[in-house]
Amino acid sequence: MLGVIANSVMIILGGLVGLLFRSKIKGELVDTLMVSMGLVILVIGIDGAAGVQDILAVVICLAVGGLIGHALKLQSFFDGLGETIHKKLKNTRFAEGEFGEGLVTASVLFTVGSMAILGSIEAGLNHNYTILITKGVIDMVSAIALAAAMGAGVPFSFIPVFIWEAVVTLFAAFVSPYLGAEVVANMSAVGGAIFIGMGINMLGISKTKIRVNDMLPALLLPVVYTPIANWIGGLL
């Protein structure tokens, strides 16, 4: 839960900084910080993928997982989810005024996305909080910009972020004893590859945006792939 708490605290800090220095924050500074975070995500992804012990697991899981995600239209779902939530809440008391608008916008931004899921799973499986803390820094930078533009509701978005990430982290921690070290290692390697895609998107390296959300099912496929691969290996 350390990563979840850190993420929440950084959202609060970013929101407070944005409120305190609303008149002095410029878009160029935010852009520079976000590019820096894109580089960090790319490094995390390379580090995770570099430790892969079964490259075939990564290849097969990403390929099959991408096909599943594409069939389920996960990328389109996540792209539209934030907008849908925002529209549904727009005319309710939760989004009334500047406070509500900031709260809803920031909550959707910080909870809807693959990084929250990947970071929480990694924290639950391996007690590795690097991803969630990195996400916290990115959220903090975003919270500074949002709070400067939308006001005091932004720092309170830590509440839905904490609940969502805590639930995913606790679930991953609950199932981790039943997965085995090899399965967990393969899941981490697949996650590293997905993170490389996220870093490329943030840096704008590729002209075509990588549909990383379509690849999310690949995270679960090592649970199926690993025992089958071991069984086939035993036969050979």
# chains A, B, ... in the order shown; residues from 1 in each chain; ligands from 1
>>> residues_around(residues="segment 60-67 of chain A", least_positions_apart="3", cutoff="10 Å", atoms="only C-alpha atoms", output="PDB file with C-alpha atoms, in the first residue's frame")
ATOM      1  CA  ILE A  55      11.241 -14.086 -24.321  1.00  0.00           C
ATOM      2  CA  LEU A  56       8.782 -16.441 -26.020  1.00  0.00           C
ATOM      3  CA  ALA A  57       6.359 -15.812 -23.159  1.00  0.00           C
ATOM      4  CA  HIS A  70      -8.456  -5.391 -29.938  1.00  0.00           C
ATOM      5  CA  ALA A  71     -11.455  -7.713 -30.143  1.00  0.00           C
ATOM      6  CA  LEU A  72     -12.776  -6.290 -26.880  1.00  0.00           C
ATOM      7  CA  LYS A  73     -12.001  -2.750 -28.084  1.00  0.00           C
ATOM      8  CA  LEU A  74     -10.253  -1.915 -24.815  1.00  0.00           C
ATOM      9  CA  ASN A 186       6.633 -13.368 -16.932  1.00  0.00           C
ATOM     10  CA  MET A 187       3.859 -10.967 -15.945  1.00  0.00           C
ATOM     11  CA  VAL A 190       5.109  -8.345 -20.229  1.00  0.00           C
ATOM     12  CA  GLY A 191       4.296  -5.280 -18.139  1.00  0.00           C
ATOM     13  CA  ALA A 193       7.119  -4.236 -22.634  1.00  0.00           C
ATOM     14  CA  ILE A 194       3.785  -2.426 -22.296  1.00  0.00           C
ATOM     15  CA  ARG A 211      -2.647   1.143 -28.388  1.00  0.00           C
ATOM     16  CA  VAL A 212      -1.257   0.035 -25.032  1.00  0.00           C
ATOM     17  CA  ASN A 213      -4.672  -0.457 -23.470  1.00  0.00           C
ATOM     18  CA  ASP A 214      -5.422  -3.161 -26.037  1.00  0.00           C
ATOM     19  CA  MET A 215      -2.397  -5.024 -24.663  1.00  0.00           C
ATOM     20  CA  LEU A 216      -3.623  -5.167 -21.050  1.00  0.00           C
ATOM     21  CA  PRO A 217      -5.026  -8.739 -21.368  1.00  0.00           C
ATOM     22  CA  ALA A 218      -1.429  -9.845 -22.034  1.00  0.00           C
ATOM     23  CA  LEU A 219      -0.690  -9.260 -18.339  1.00  0.00           C
ATOM     24  CA  LEU A 220      -2.939 -12.182 -17.362  1.00  0.00           C
ATOM     25  CA  LEU A 221      -1.876 -14.618 -20.072  1.00  0.00           C
ATOM     26  CA  PRO A 222       1.322 -15.826 -18.319  1.00  0.00           C
ATOM     27  CA  VAL A 223      -1.029 -17.580 -15.877  1.00  0.00           C
ATOM     28  CA  VAL A 224      -2.109 -19.785 -18.790  1.00  0.00           C
ATOM     29  CA  TYR A 225       1.050 -19.757 -20.885  1.00  0.00           C
TER      30      TYR A 225
END
>>> closest_residue(among="A:Ala181, A:Met1, A:Ala6, A:Ile228", to="Phe158 of chain A", atoms="only C-alpha atoms")
A:Ala6
>>> closest_residue(among="A:Gly18, A:Val59, A:Gly233, A:Gly113", to="Ser76 of chain A", atoms="only C-alpha atoms")
A:Gly113
>>> residues_around(residues="Leu13 of chain A", least_positions_apart="2", cutoff="9 Å", atoms="only C-alpha atoms", output="PyMOL selection string")
chain A and resi 8-11+15-18+140+143-144+155
>>> atom_distance(atom1="atom CA of Phe156 of chain A", atom2="atom CA of Val137 of chain A")
16.3 Å
>>> closest_residue(among="A:Val43, A:Ile5, A:Val52, A:Lys24", to="Ala189 of chain A", atoms="only C-alpha atoms")
A:Val52
>>> closest_residue(among="A:Phe195, A:Phe78, A:Phe171, A:Phe99", to="Lys135 of chain A", atoms="only C-alpha atoms")
A:Phe195
>>> atom_distance(atom1="atom CA of Gln53 of chain A", atom2="atom CA of Glu182 of chain A")
8.8 Å
>>> closest_residue(among="A:Gly38, A:Pro227, A:Gly151, A:Gly124", to="Val175 of chain A", atoms="only C-alpha atoms")
A:Gly124
>>> atom_distance(atom1="atom CA of Phe162 of chain A", atom2="atom CA of Ser23 of chain A")
29.0 Å
>>> closest_residue(among="A:Ile12, A:Ala49, A:Val30, A:Ala149", to="Gly197 of chain A", atoms="only C-alpha atoms")
A:Ala49
>>> residues_around(residues="Leu125 of chain A", least_positions_apart="6", cutoff="6 Å", atoms="only C-alpha atoms", output="compact mmCIF listing (two decimals) with C-alpha atoms, in the first residue's frame")
# COMPACT_ATOMS: atom_id res chain seq x y z
CA ALA A 172 -3.07 -8.75 -6.76
CA ALA A 173 -1.51 -9.42 -3.35
CA SER A 176 0.07 -13.72 -5.87
>>> select_by_dssp(residues="chain A", states="helix (DSSP H, G or I)", output="MDAnalysis selection string")
chainID A and resid 2:20 27:50 55:72 74:90 93:95 97:111 114:126 130:150 154:178 181:203 212:219 222:235
